[in-house]
Amino acid sequence: MAATGAASPGRLVQYVVVRSDLVHKLSWPLGAVITQACHAATAAIHLHYGDPDTQRYLAELDSMHKVVLGAPDEAALSSLSENLSQAGVAHKLWIEQPENIPTCLALKPCPKETVQPLLRKFKLFK
């Protein structure tokens, strides 16, 4: 499993994947898109609050690590959500209401090495 050589599990990371087309093609204000990411991250923490990795992540309040990636469009985001579900990776797909638009998703905090392969094709959000 974790071959870090350390006594504790690998560094915990919360990944957030945001649709980049919202800003670049659909002209959403950047602040509105950042708000979507905040909603998804908060929801993922809330839904998995009792999870040991989530508790450890929250206990290290001043050293939380998040990575925000960009998905090119709704289809890529939905496909990622399906792939994460099939792989048993806990996450929250945020669907903005009342418009019913999937805007982003956030994984629960987890060791980077366990989920990075599933996210490899997504680049940092710009």
# chains A, B, ... in the order shown; residues from 1 in each chain; ligands from 1
>>> select_by_dssp(residues="chain A", states="helix (DSSP H, G or I)", output="number ranges by chain")
A: 21-24, 30-47, 52-59, 61-63, 74-86, 112-119
>>> select_by_dssp(residues="stretch 2-126 of chain A", states="strand (DSSP E)", output="PyMOL selection string")
chain A and resi 12-19+66-71+91-96+101-107+110-111+123-124
>>> residues_around(residues="A:Asp21", least_positions_apart="2", cutoff="10 Å", atoms="only C-alpha atoms", output="count of residues only")
14
>>> atom_distance(atom1="atom CA of A:Leu107", atom2="atom CA of A:Ala41")
7.5 Å
>>> closest_residue(among="A:Leu105, A:Val115, A:Leu12, A:Ala76", to="A:His91", atoms="only C-alpha atoms")
A:Leu105
>>> atom_distance(atom1="atom CA of A:Gln97", atom2="atom CA of A:Ser81")
18.2 Å
>>> closest_residue(among="A:Val16, A:Leu124, A:Leu61, A:Leu119", to="A:Gln36", atoms="only C-alpha atoms")
A:Val16
>>> closest_residue(among="A:Ile34, A:Leu47, A:Leu84, A:Lys108", to="A:Leu22", atoms="only C-alpha atoms")
A:Ile34
>>> decode(residues="stretch 7-31 of chain A", atoms="N, CA and C atoms", output="CSV table (one decimal), in the first residue's frame")
chain,number,residue,atom,x,y,z
A,7,ALA,N,5.9,6.2,9.3
A,7,ALA,CA,5.0,5.4,10.2
A,7,ALA,C,3.5,5.7,9.9
A,8,SER,N,3.2,6.9,9.5
A,8,SER,CA,1.9,7.3,9.3
A,8,SER,C,1.5,7.2,7.8
A,9,PRO,N,0.2,7.2,7.5
A,9,PRO,CA,-0.2,7.1,6.1
A,9,PRO,C,0.3,8.4,5.3
A,10,GLY,N,0.2,8.3,4.0
A,10,GLY,CA,0.6,9.5,3.1
A,10,GLY,C,-0.2,10.7,3.4
A,11,ARG,N,0.3,11.8,2.9
A,11,ARG,CA,-0.3,13.1,3.1
A,11,ARG,C,-1.7,13.1,2.6
A,12,LEU,N,-2.6,13.7,3.4
A,12,LEU,CA,-4.0,13.8,3.0
A,12,LEU,C,-4.2,15.0,2.2
A,13,VAL,N,-5.0,14.8,1.1
A,13,VAL,CA,-5.3,15.9,0.2
A,13,VAL,C,-6.8,15.9,-0.1
A,14,GLN,N,-7.4,17.0,-0.2
A,14,GLN,CA,-8.7,17.1,-0.7
A,14,GLN,C,-8.7,17.6,-2.1
A,15,TYR,N,-9.1,16.8,-3.1
A,15,TYR,CA,-9.1,17.2,-4.5
A,15,TYR,C,-10.5,17.8,-4.8
A,16,VAL,N,-10.4,18.9,-5.5
A,16,VAL,CA,-11.7,19.6,-6.0
A,16,VAL,C,-11.5,19.7,-7.5
A,17,VAL,N,-12.5,19.3,-8.3
A,17,VAL,CA,-12.4,19.4,-9.7
A,17,VAL,C,-13.6,20.3,-10.2
A,18,VAL,N,-13.2,21.3,-10.9
A,18,VAL,CA,-14.1,22.4,-11.3
A,18,VAL,C,-14.2,22.4,-12.8
A,19,ARG,N,-15.4,22.6,-13.3
A,19,ARG,CA,-15.6,22.8,-14.8
A,19,ARG,C,-15.0,24.1,-15.3
A,20,SER,N,-13.9,24.0,-16.1
A,20,SER,CA,-13.3,25.2,-16.6
A,20,SER,C,-14.1,25.9,-17.6
A,21,ASP,N,-15.0,25.2,-18.3
A,21,ASP,CA,-15.8,25.8,-19.3
A,21,ASP,C,-16.8,26.9,-18.7
A,22,LEU,N,-17.1,26.7,-17.4
A,22,LEU,CA,-18.0,27.7,-16.8
A,22,LEU,C,-17.4,29.1,-16.9
A,23,VAL,N,-16.1,29.2,-16.8
A,23,VAL,CA,-15.4,30.5,-16.8
A,23,VAL,C,-15.0,30.9,-18.3
A,24,HIS,N,-14.4,29.9,-19.0
A,24,HIS,CA,-13.8,30.2,-20.3
A,24,HIS,C,-14.8,30.2,-21.5
A,25,LYS,N,-15.9,29.5,-21.4
A,25,LYS,CA,-16.8,29.4,-22.5
A,25,LYS,C,-18.2,30.0,-22.1
A,26,LEU,N,-18.6,29.8,-20.9
A,26,LEU,CA,-20.0,30.2,-20.5
A,26,LEU,C,-20.0,31.5,-19.7
A,27,SER,N,-18.8,32.1,-19.5
A,27,SER,CA,-18.6,33.4,-19.0
A,27,SER,C,-19.2,33.6,-17.6
A,28,TRP,N,-19.1,32.5,-16.7
A,28,TRP,CA,-19.5,32.7,-15.4
A,28,TRP,C,-18.4,33.6,-14.7
A,29,PRO,N,-18.8,34.4,-13.7
A,29,PRO,CA,-17.8,35.2,-13.0
A,29,PRO,C,-16.9,34.2,-12.2
A,30,LEU,N,-15.7,34.6,-12.1
A,30,LEU,CA,-14.7,33.7,-11.4
A,30,LEU,C,-15.2,33.5,-9.9
A,31,GLY,N,-15.7,34.5,-9.3
A,31,GLY,CA,-16.2,34.4,-7.9
A,31,GLY,C,-17.3,33.4,-7.8
